[in-house]
Amino acid sequence: MEKKSVTVGGIVANPSKGNKTGAWRSVEPFISDKCIGCGVCTQVCPEGCIVLQEKGGKKKAVVDYDYCKGCMICATQCPVKAIEKKETKK
Amino acid sequence: MTKKIMEGSHALAEAVRLANPAVIGAFPITPQTHITERLAEMVANGELDSEYLNVESEHSAMATCIGAQATGVRTFTATCSQGLALMWELLYIASGMRLPIVMAVANRALSAPLNIWNDWSDAFGARDSGWLQLYCETAQEAFDTMLQAYRIAEDKRVLLPVMVCIDGFWLSHVYEPVDVLEKQDFVKPYKPPEVQLPGGKVKMVLDPKQPISFGEYATPEYYQEFKEAQHSAMVGAKQVIKDVHDEFAKKYGRKYGNGLVDTYNMKTAKHAIITMGSVAGTIRHFIETEKIKDVGLVRIKSFRPFPFEELDAVLKNVESIGVLEKDVSPGLGGALFSEMKSVFKKPMASFIGGLGGRDITLDHLKNVFDSIRTKSEKTEWIW
């Protein structure tokens with residue numbers, strides 16, 4: 001094996017968005033119609049991969065599944081229990 | 001410059017004040033406590049504008065420094081003995097993330113049996129943690145070294161944390177005349193270093209506007225690369241230590257050998273005694289009062305990085321040496337002695353003493369010097 005070049009201190013820019021989640025994710029959040037668009041999930045998502053988007057004049061949380069790791073913190077923090085746990089289809 | 005009679009701990013605190021860290025993580029432990037106590041006083045008096053965090057353990061003190069330093073500010077903490085042992089896993093995080101944290105260690109023995117006095121067991125245990133370790137002989141040197149430590153740690157060629165080690169009680173609690181600077185421009189306000197990433201340069205700062213992660217996950221294909229990089233930076237730090245030391249010497253007129261190794265009475269010496277820290281002062285005194293010509297003193301100031309070439313250069317004309325150290329690696333012997341074996345190929349004697357604060361007296365030194373002259377290769381305990 002060859003010696004590779006690495007960054008000082010293992011620093012990586014845009015860490016969460018640098019690599020897409022692999023096929024290992026087993027569960028993922030599903031945002032139901034109960035979503036009130038409060039944005040709590042966008043703040044607690046450790047990967048920063050939930051954003052609020054306007055749909056028909058109402059704000060709603062949207063998950064970027066390319067980066068979601070399926071930790072489900074969003075579901076546990078959702079004040080109206082609008083986020084369901086679903087198995088990731090492989 | 002003003003000469004003041006002050007405690008070693010307070011001299012260190014004065015230097016820390018001048019370096020002006022933004023965050024201090026503090027947890028008391030004898031004999032370090034006077035350093036953080038004095039810093040607390042300075043913050044309370046408005047003499048130092050630092051976020052002073054009283055944390056619940058040394059583990060948290062180091063975690064505080066790591067977190068704060070990663071946000072792009074200068075930090076400080078101090079500890080010793082059990083406290084340093086409790087910090088242990090975080091020492092590797094700090095060095096692995098290449099955070100230039102500076103910490104004072106008032107070297108103290110480790111329990112059990114419980115002992116609060118000086119030896120080097122604590123910092124020697126953290127020898128391989130990737131921290132630079134600089135040992136001081138006097139309170140003045142502690143003050144000067146603390147200022148230099150920030151410059152060394154933060155140098156782009158280094159970016160590693162530094163321990164400034166003073167012998168617990170022997171230096172931390174002893175009053176000596178110290179030239180303290182009222183203000184200084186040797187250590188400039190902290191500027192977070194920039195590092196090169198594949199996509200361009202980024203500042204080593206946690207900032208939501210430019211998200212970065214420190215110490216990312218490294219698989220077997222990458223981990224070794226980071227450790228090799230740390231080792232290279234540590235070896236390269238020797239030149240930086242010398243450069244910073246020289247600049248300090250030019251500016252303030254005080255020097256300690258070449259910043260890595262300090263020597264005394266070596267011009268006519270046929271033999272040498274190798275040691276570190278405050279006991280070197282006792283040896284100087286012994287050489288001077290006894291008017292000794294044939295034995296010189298070589299004091300290692302930088303234990304990590306280890307100054308192989310510099311030691312080799314000062315020892316090339318001597319016939320035998322003795323290594324006097326305040327530590328023991330059970331089952332091996334003197335740890336410094338074993339490291340010196342890779343430098344010096346002629347007769348070497350090992351002297352282990354001063355453990356747990358035990359006195360090393362002039363009478364002891366007489367026997368030590370006599371042993372070295374006979375080219376002894378034994379390990380002797382100083383009782």
# chains A, B, ... in the order shown; residues from 1 in each chain; ligands from 1
>>> interface_residues(of="chain B", to="chain A", cutoff="9 Å", atoms="only C-alpha atoms", output="PyMOL selection string")
chain B and resi 95-99+159+195-199+202+204+210-218+221-222+224-226+229-230
>>> write_last_selection(atoms="N, CA, C and O atoms", output="short mmCIF file (atom, residue, chain, number, x, y, z; two decimals), in the first residue's frame")
data_model
loop_
_atom_site.label_atom_id
_atom_site.label_comp_id
_atom_site.auth_asym_id
_atom_site.auth_seq_id
_atom_site.Cartn_x
_atom_site.Cartn_y
_atom_site.Cartn_z
N SER B 95 -3.65 16.29 20.46
CA SER B 95 -2.50 16.25 19.55
C SER B 95 -2.92 15.71 18.18
O SER B 95 -2.43 16.17 17.16
N GLY B 96 -3.85 14.75 18.18
CA GLY B 96 -4.31 14.19 16.92
C GLY B 96 -5.06 15.20 16.07
O GLY B 96 -4.97 15.19 14.85
N MET B 97 -5.79 16.09 16.74
CA MET B 97 -6.50 17.15 16.01
C MET B 97 -5.60 18.35 15.73
O MET B 97 -6.04 19.33 15.16
N ARG B 98 -4.37 18.24 16.18
CA ARG B 98 -3.33 19.26 15.93
C ARG B 98 -3.73 20.61 16.51
O ARG B 98 -3.50 21.67 15.90
N LEU B 99 -4.28 20.57 17.72
CA LEU B 99 -4.70 21.80 18.39
C LEU B 99 -3.57 22.32 19.27
O LEU B 99 -3.11 21.61 20.17
N LEU B 159 1.96 23.00 15.04
CA LEU B 159 0.54 22.76 15.33
C LEU B 159 0.35 21.50 16.19
O LEU B 159 -0.34 20.56 15.83
N VAL B 195 -5.27 25.61 7.09
CA VAL B 195 -4.75 24.35 6.57
C VAL B 195 -5.26 24.14 5.15
O VAL B 195 -6.32 24.62 4.77
N GLN B 196 -4.43 23.44 4.40
CA GLN B 196 -4.74 23.17 3.00
C GLN B 196 -5.63 21.93 2.91
O GLN B 196 -5.29 20.87 3.39
N LEU B 197 -6.78 22.08 2.30
CA LEU B 197 -7.64 20.94 2.02
C LEU B 197 -7.71 20.78 0.50
O LEU B 197 -7.34 21.70 -0.23
N PRO B 198 -8.18 19.63 0.03
CA PRO B 198 -8.24 19.45 -1.43
C PRO B 198 -9.01 20.57 -2.13
O PRO B 198 -8.65 20.99 -3.23
N GLY B 199 -10.03 21.12 -1.50
CA GLY B 199 -10.83 22.17 -2.14
C GLY B 199 -10.30 23.58 -1.91
O GLY B 199 -10.94 24.55 -2.31
N VAL B 202 -8.64 26.32 4.42
CA VAL B 202 -9.67 26.67 5.41
C VAL B 202 -8.99 27.00 6.73
O VAL B 202 -7.89 26.54 7.02
N MET B 204 -8.65 26.72 10.74
CA MET B 204 -8.96 25.67 11.73
C MET B 204 -9.91 26.25 12.76
O MET B 204 -9.55 26.46 13.92
N GLN B 210 -18.71 27.88 7.51
CA GLN B 210 -17.76 27.09 6.71
C GLN B 210 -17.53 25.79 7.48
O GLN B 210 -16.52 25.62 8.16
N PRO B 211 -18.49 24.88 7.39
CA PRO B 211 -18.41 23.71 8.27
C PRO B 211 -17.20 22.81 8.01
O PRO B 211 -16.91 22.49 6.85
N ILE B 212 -16.52 22.46 9.08
CA ILE B 212 -15.42 21.49 8.98
C ILE B 212 -15.51 20.53 10.17
O ILE B 212 -16.14 20.85 11.17
N SER B 213 -14.92 19.37 10.02
CA SER B 213 -14.78 18.43 11.14
C SER B 213 -13.31 18.24 11.45
O SER B 213 -12.50 18.17 10.54
N PHE B 214 -13.00 18.15 12.76
CA PHE B 214 -11.63 17.86 13.18
C PHE B 214 -11.52 16.36 13.47
O PHE B 214 -12.47 15.75 13.94
N GLY B 215 -10.35 15.81 13.25
CA GLY B 215 -10.07 14.43 13.67
C GLY B 215 -11.05 13.44 13.09
O GLY B 215 -11.58 12.58 13.79
N GLU B 216 -11.31 13.56 11.81
CA GLU B 216 -12.26 12.67 11.15
C GLU B 216 -11.87 11.22 11.30
O GLU B 216 -10.73 10.87 11.56
N TYR B 217 -12.86 10.40 11.09
CA TYR B 217 -12.71 8.95 11.09
C TYR B 217 -11.61 8.52 10.11
O TYR B 217 -11.60 8.98 8.97
N ALA B 218 -10.69 7.68 10.56
CA ALA B 218 -9.64 7.22 9.65
C ALA B 218 -9.56 5.69 9.68
O ALA B 218 -9.29 5.10 10.72
N GLU B 221 -6.56 2.29 6.11
CA GLU B 221 -5.85 2.80 4.93
C GLU B 221 -5.31 4.21 5.16
O GLU B 221 -4.48 4.69 4.38
N TYR B 222 -5.80 4.90 6.20
CA TYR B 222 -5.41 6.30 6.41
C TYR B 222 -4.79 6.61 7.77
O TYR B 222 -4.03 7.55 7.90
N GLN B 224 -2.50 5.51 9.79
CA GLN B 224 -1.04 5.58 9.94
C GLN B 224 -0.48 6.87 9.35
O GLN B 224 0.49 7.43 9.86
N GLU B 225 -1.10 7.36 8.28
CA GLU B 225 -0.67 8.61 7.66
C GLU B 225 -0.71 9.77 8.66
O GLU B 225 0.18 10.61 8.70
N PHE B 226 -1.80 9.80 9.47
CA PHE B 226 -1.93 10.89 10.44
C PHE B 226 -0.87 10.80 11.52
O PHE B 226 -0.33 11.80 11.98
N ALA B 229 2.38 11.92 10.17
CA ALA B 229 2.39 13.38 10.04
C ALA B 229 2.67 14.04 11.39
O ALA B 229 3.42 15.02 11.48
N GLN B 230 2.09 13.47 12.46
CA GLN B 230 2.33 14.01 13.81
C GLN B 230 3.80 13.84 14.20
O GLN B 230 4.40 14.75 14.76
#
>>> residues_around(residues="Ala23 (chain A)", least_positions_apart="2", cutoff="8 Å", atoms="only C-alpha atoms", output="ChimeraX atom specification")
/A:21,25,90
>>> residues_around(residues="His10 (chain B)", least_positions_apart="5", cutoff="7 Å", atoms="only C-alpha atoms", output="list in words")
His34, Ile35 and Arg38 of chain B
>>> residues_around(residues="Ala61 (chain A)", least_positions_apart="2", cutoff="8 Å", atoms="only C-alpha atoms", output="PyMOL selection string")
chain A and resi 31+35+37+39+41-42+50-53+59+63
>>> closest_residue(among="A:Cys68, A:Gln77, A:Val62, A:Cys49", to="Ser32 (chain A)", atoms="only C-alpha atoms")
A:Val62
>>> residues_around(residues="region 251-256 of chain B", least_positions_apart="6", cutoff="10 Å", atoms="only C-alpha atoms", output="number ranges by chain")
B: 1, 136-137, 140-141, 144-145, 179, 181, 186, 245, 262-263, 299, 301
>>> residues_around(residues="Leu18 (chain B)", least_positions_apart="3", cutoff="8 Å", atoms="only C-alpha atoms", output="PyMOL selection string")
chain B and resi 14-15+147+183-184+187
>>> write_last_selection(atoms="all heavy atoms", output="mmCIF file, in the first residue's frame")
data_model
loop_
_atom_site.group_PDB
_atom_site.id
_atom_site.type_symbol
_atom_site.label_atom_id
_atom_site.label_comp_id
_atom_site.auth_asym_id
_atom_site.auth_seq_id
_atom_site.Cartn_x
_atom_site.Cartn_y
_atom_site.Cartn_z
ATOM 1 N N GLU B 14 1.841 34.581 35.356
ATOM 2 C CA GLU B 14 2.141 35.881 34.754
ATOM 3 C C GLU B 14 2.349 35.738 33.250
ATOM 4 O O GLU B 14 1.853 36.542 32.445
ATOM 5 C CB GLU B 14 3.403 36.487 35.386
ATOM 6 C CG GLU B 14 3.174 37.286 36.637
ATOM 7 C CD GLU B 14 2.231 38.471 36.439
ATOM 8 O OE1 GLU B 14 2.345 39.176 35.420
ATOM 9 O OE2 GLU B 14 1.354 38.662 37.304
ATOM 10 N N ALA B 15 3.092 34.703 32.867
ATOM 11 C CA ALA B 15 3.357 34.488 31.441
ATOM 12 C C ALA B 15 2.065 34.135 30.708
ATOM 13 O O ALA B 15 1.837 34.579 29.579
ATOM 14 C CB ALA B 15 4.395 33.388 31.262
ATOM 15 N N LEU B 147 5.946 31.570 27.583
ATOM 16 C CA LEU B 147 5.734 32.483 26.446
ATOM 17 C C LEU B 147 6.177 31.816 25.147
ATOM 18 O O LEU B 147 5.489 31.882 24.127
ATOM 19 C CB LEU B 147 6.499 33.789 26.652
ATOM 20 C CG LEU B 147 5.874 34.774 27.649
ATOM 21 C CD1 LEU B 147 6.773 35.985 27.815
ATOM 22 C CD2 LEU B 147 4.480 35.204 27.215
ATOM 23 N N LYS B 183 4.302 44.022 29.773
ATOM 24 C CA LYS B 183 3.568 43.683 28.556
ATOM 25 C C LYS B 183 4.576 43.150 27.553
ATOM 26 O O LYS B 183 5.780 43.282 27.752
ATOM 27 C CB LYS B 183 2.817 44.895 27.994
ATOM 28 C CG LYS B 183 3.661 46.140 27.873
ATOM 29 C CD LYS B 183 2.810 47.310 27.459
ATOM 30 C CE LYS B 183 3.705 48.530 27.327
ATOM 31 N NZ LYS B 183 3.025 49.720 26.928
ATOM 32 N N GLN B 184 4.071 42.558 26.500
ATOM 33 C CA GLN B 184 4.989 41.937 25.553
ATOM 34 C C GLN B 184 4.363 41.904 24.172
ATOM 35 O O GLN B 184 3.144 41.983 24.032
ATOM 36 C CB GLN B 184 5.331 40.514 26.017
ATOM 37 C CG GLN B 184 4.115 39.608 26.225
ATOM 38 C CD GLN B 184 3.680 38.854 25.000
ATOM 39 O OE1 GLN B 184 4.496 38.529 24.161
ATOM 40 N NE2 GLN B 184 2.381 38.605 24.869
ATOM 41 N N VAL B 187 4.364 37.109 21.981
ATOM 42 C CA VAL B 187 3.222 36.255 21.625
ATOM 43 C C VAL B 187 2.104 37.176 21.159
ATOM 44 O O VAL B 187 1.543 37.925 21.942
ATOM 45 C CB VAL B 187 2.749 35.411 22.833
ATOM 46 C CG1 VAL B 187 1.570 34.539 22.447
ATOM 47 C CG2 VAL B 187 3.884 34.566 23.366
#
>>> atom_distance(atom1="CA of Ala63 (chain B)", atom2="CA of Ile101 (chain B)")
11.0 Å
>>> atom_distance(atom1="CA of Ile36 (chain A)", atom2="CA of Tyr67 (chain A)")
23.0 Å
>>> select_by_dssp(residues="chain A", states="alpha helix (DSSP H)", output="VMD selection string")
chain A and resid 15 to 18 40 to 44 73 to 77
>>> closest_residue(among="B:Trp88, B:Trp131, B:Phe308, B:Tyr150", to="Val240 (chain B)", atoms="only C-alpha atoms")
B:Tyr150
>>> residues_around(residues="Pro189 (chain B)", least_positions_apart="6", cutoff="9 Å", atoms="only C-alpha atoms", output="list in words")
Ala19, Asn20, Pro21 and Arg74 of chain B
>>> select_by_dssp(residues="chain A", states="strand (DSSP E)", output="VMD selection string")
chain A and resid 12 to 13 27 to 31 50 to 55 58 to 63 83 to 87
>>> write_last_selection(atoms="C-alpha atoms", output="PDB file, in the first residue's frame")
ATOM      1  CA  VAL A  12     -12.521  17.647   6.467  1.00  0.00           C
ATOM      2  CA  ALA A  13     -14.598  20.441   4.948  1.00  0.00           C
ATOM      3  CA  VAL A  27     -34.318   2.987   8.900  1.00  0.00           C
ATOM      4  CA  GLU A  28     -35.255   6.506   7.841  1.00  0.00           C
ATOM      5  CA  PRO A  29     -37.690   9.237   8.858  1.00  0.00           C
ATOM      6  CA  PHE A  30     -40.885   9.799   6.952  1.00  0.00           C
ATOM      7  CA  ILE A  31     -42.496  13.227   7.347  1.00  0.00           C
ATOM      8  CA  ILE A  50     -33.519  18.346   6.910  1.00  0.00           C
ATOM      9  CA  VAL A  51     -34.743  21.673   5.509  1.00  0.00           C
ATOM     10  CA  LEU A  52     -38.098  23.457   5.482  1.00  0.00           C
ATOM     11  CA  GLN A  53     -39.668  23.874   2.091  1.00  0.00           C
ATOM     12  CA  GLU A  54     -42.816  25.750   1.057  1.00  0.00           C
ATOM     13  CA  LYS A  55     -45.535  23.589  -0.417  1.00  0.00           C
ATOM     14  CA  LYS A  58     -47.343  25.911   4.001  1.00  0.00           C
ATOM     15  CA  LYS A  59     -43.886  25.099   5.295  1.00  0.00           C
ATOM     16  CA  LYS A  60     -42.975  21.449   5.567  1.00  0.00           C
ATOM     17  CA  ALA A  61     -39.840  19.531   6.579  1.00  0.00           C
ATOM     18  CA  VAL A  62     -38.068  17.718   3.749  1.00  0.00           C
ATOM     19  CA  VAL A  63     -35.340  15.110   4.311  1.00  0.00           C
ATOM     20  CA  ILE A  83     -42.153  11.898  11.825  1.00  0.00           C
ATOM     21  CA  GLU A  84     -42.506   8.156  11.420  1.00  0.00           C
ATOM     22  CA  LYS A  85     -39.793   5.524  11.318  1.00  0.00           C
ATOM     23  CA  LYS A  86     -39.742   3.505   8.111  1.00  0.00           C
ATOM     24  CA  GLU A  87     -37.490   0.744   6.977  1.00  0.00           C
TER      25      GLU A  87
END
